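A.B. asks: I am attaching a structure below and will ask some questions about it afterwards.
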Amino acid sequence: MNSNQIELFALPLFNKERLDQFLLNATKEESRSYYSKLIKEGLVRVNDKIVEKPSFIVKPYDKITLFLKPKEPLYIEYDKLNITVLYEDDYIIVINKERNMVVHPGPGNFRNTILNALINSINKDEFTDQERPGIVHRLDKETTGVLIIAKSEKIMRKLSEQFKNRQVKKTYLALVYGDVNYKEGFISMPIKRSKIHRQKMEVNLSGKVAFTEYSVINKGIFEKQIVSLLKVNIFTGRTHQIRVHMSYIGHPIVGDKKYSTKSCKNCPEIALHALKIEFLHPITNKIVSFKAPLPQDLQDFLKRCNINYDLDL
């Protein structure tokens, strides 16, 4: 065995799990996306056979051979953008994400992302995740609000573990169509990617568990329609989770063209805002909380709907 090759064995009492997750749990060294990439490149073998699917299920007694790749230099170019920083120390940056900003580079969006703007503020040379270094969680392009960026691989792993274990409290404000009858509600419907519309997610019993809690703050009227302002807490971080769940119960988010058939002129582009986030600081282990003010377009729209709100939630 050479220094670039690692052999792992699943114990007899091992619980079955995905190959990428198994490697992450077994090594604790890199990110899950790093291992997923190695698998897809044919650099992981199970019982001496190449496996190229990260979702491959590892079973008891399986032998996993991992061929490591040397780190590649990080080539994310700096772009000067106007980013509102809510907090920064030697370990994390917390920002108020503006509308229509992409979080990290990807197909079709290699420049002018939040990561492009902050790339010189993180310890970029030590990251193994070369595609989205420091990105612990994401917000949709149209969604505004509070977002955390880790400055190092170590901090990124610590924060990711909190998200995985549902230790991070995320509070959103969502303006939805309709008169939400119940003052409080809880949605626990699984979500997966649509097989027909690949850019959309959907409630599907074969999907991943997703939990959304909401409460009604106030109601108003816009163009003779009742709209309801909700405080929303999510306990899982599925793609488009709030948008999918609210549409599923018949109250899609105002301005959401992807999950609503209602037309709304002069609306904010998705009236969804990540208001507050609370977590354990990865170094001090003290609970920290950060809040992002509402964007001006959403403030103005709530006034048009005669909705009063208090952000001290």
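Chain lettering (A, B, ...) mirrors the order of the structure tokens, residue numbering begins at 1 for each chain separately, and ligand numbering begins at 1 in order of display.
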Can you pull out every residue from range 80-254 of chain A that DSSP, working from the backbone, puts in strand (DSSP E or B), and format the result as a PyMOL selection string?

C.D. replies: chain A and resi 84-88+92-97+106+109+135+144-150+169-177+184-187+191-193+201-203+208+212-222+225-234+253

A.B. asks: Using only C-alpha atoms, determine which residues lie at most 7 Å from range 186-202 of chain A, disregarding the query and same-chain residues fewer than 5 positions distant; provide the list as a PyMOL selection string.

C.D. replies: chain A and resi 207-214+240+244-245

A.B. asks: Go ahead and write the residues just picked, N, CA, C and O atoms, as a PDB file, in the first residue's frame.

C.D. replies:
```
ATOM      1  N   GLY A 207     -38.420  10.337  -1.252  1.00  0.00           N
ATOM      2  CA  GLY A 207     -37.383  11.361  -1.116  1.00  0.00           C
ATOM      3  C   GLY A 207     -36.751  11.392   0.265  1.00  0.00           C
ATOM      4  O   GLY A 207     -36.974  10.510   1.101  1.00  0.00           O
ATOM      5  N   LYS A 208     -35.959  12.430   0.503  1.00  0.00           N
ATOM      6  CA  LYS A 208     -35.283  12.604   1.794  1.00  0.00           C
ATOM      7  C   LYS A 208     -36.196  13.352   2.766  1.00  0.00           C
ATOM      8  O   LYS A 208     -36.960  14.223   2.372  1.00  0.00           O
ATOM      9  N   VAL A 209     -36.099  12.990   4.041  1.00  0.00           N
ATOM     10  CA  VAL A 209     -36.956  13.611   5.049  1.00  0.00           C
ATOM     11  C   VAL A 209     -36.729  15.120   5.063  1.00  0.00           C
ATOM     12  O   VAL A 209     -35.609  15.601   4.864  1.00  0.00           O
ATOM     13  N   ALA A 210     -37.795  15.857   5.294  1.00  0.00           N
ATOM     14  CA  ALA A 210     -37.718  17.311   5.345  1.00  0.00           C
ATOM     15  C   ALA A 210     -38.754  17.815   6.343  1.00  0.00           C
ATOM     16  O   ALA A 210     -39.925  17.406   6.292  1.00  0.00           O
ATOM     17  N   PHE A 211     -38.327  18.697   7.252  1.00  0.00           N
ATOM     18  CA  PHE A 211     -39.206  19.204   8.302  1.00  0.00           C
ATOM     19  C   PHE A 211     -39.240  20.728   8.261  1.00  0.00           C
ATOM     20  O   PHE A 211     -38.194  21.377   8.337  1.00  0.00           O
ATOM     21  N   THR A 212     -40.440  21.276   8.154  1.00  0.00           N
ATOM     22  CA  THR A 212     -40.642  22.722   8.107  1.00  0.00           C
ATOM     23  C   THR A 212     -41.717  23.125   9.115  1.00  0.00           C
ATOM     24  O   THR A 212     -42.806  22.552   9.127  1.00  0.00           O
ATOM     25  N   GLU A 213     -41.400  24.105   9.941  1.00  0.00           N
ATOM     26  CA  GLU A 213     -42.344  24.614  10.938  1.00  0.00           C
ATOM     27  C   GLU A 213     -42.653  26.073  10.603  1.00  0.00           C
ATOM     28  O   GLU A 213     -41.750  26.836  10.237  1.00  0.00           O
ATOM     29  N   TYR A 214     -43.927  26.461  10.717  1.00  0.00           N
ATOM     30  CA  TYR A 214     -44.262  27.851  10.406  1.00  0.00           C
ATOM     31  C   TYR A 214     -45.294  28.396  11.379  1.00  0.00           C
ATOM     32  O   TYR A 214     -46.053  27.643  12.015  1.00  0.00           O
ATOM     33  N   HIS A 240     -34.662  23.949  -2.102  1.00  0.00           N
ATOM     34  CA  HIS A 240     -35.983  24.574  -2.310  1.00  0.00           C
ATOM     35  C   HIS A 240     -37.001  24.122  -1.253  1.00  0.00           C
ATOM     36  O   HIS A 240     -38.213  24.155  -1.513  1.00  0.00           O
ATOM     37  N   VAL A 244     -41.033  24.355  -1.799  1.00  0.00           N
ATOM     38  CA  VAL A 244     -41.760  23.127  -2.134  1.00  0.00           C
ATOM     39  C   VAL A 244     -42.847  22.839  -1.096  1.00  0.00           C
ATOM     40  O   VAL A 244     -43.994  22.521  -1.454  1.00  0.00           O
ATOM     41  N   HIS A 245     -42.513  22.944   0.179  1.00  0.00           N
ATOM     42  CA  HIS A 245     -43.486  22.624   1.225  1.00  0.00           C
ATOM     43  C   HIS A 245     -44.656  23.600   1.234  1.00  0.00           C
ATOM     44  O   HIS A 245     -45.818  23.183   1.399  1.00  0.00           O
TER      45      HIS A 245
END
```

A.B. asks: Excluding range 8-25 of chain A and its own-chain neighbours fewer than 6 positions away, which residues fall within 6 Å of it when counting only C-alpha atoms? Please give them as a PyMOL selection string.

C.D. replies: chain A and resi 32+35-36+54-64

A.B. asks: Please provide as a PyMOL selection string all residues within 12 Å of Val288 in chain A, with the sequence filter that same-chain residues fewer than 6 positions apart are discarded (counting only C-alpha atoms).

C.D. replies: chain A and resi 87+92+94+148+168-169+276-282

A.B. asks: Contacts between range 170-178 of chain A and range 112-156 of chain A, please, where a residue of range 112-156 of chain A counts if it comes within 12 Å (with only C-alpha atoms); show its shortest atom pair and distance in Å to one decimal, rows by chain and ascending number, as a Markdown table.

C.D. replies:
```
| residue | atom | partner | partner_atom | distance |
| --- | --- | --- | --- | --- |
| A:His137 | CA | A:Lys170 | CA | 11.2 |
| A:Leu139 | CA | A:Tyr172 | CA | 11.3 |
| A:Thr143 | CA | A:Tyr172 | CA | 10.2 |
| A:Thr144 | CA | A:Tyr172 | CA | 9.7 |
| A:Gly145 | CA | A:Tyr172 | CA | 8.5 |
| A:Val146 | CA | A:Lys170 | CA | 9.3 |
| A:Leu147 | CA | A:Lys170 | CA | 10.3 |
| A:Ile148 | CA | A:Lys170 | CA | 11.5 |
```
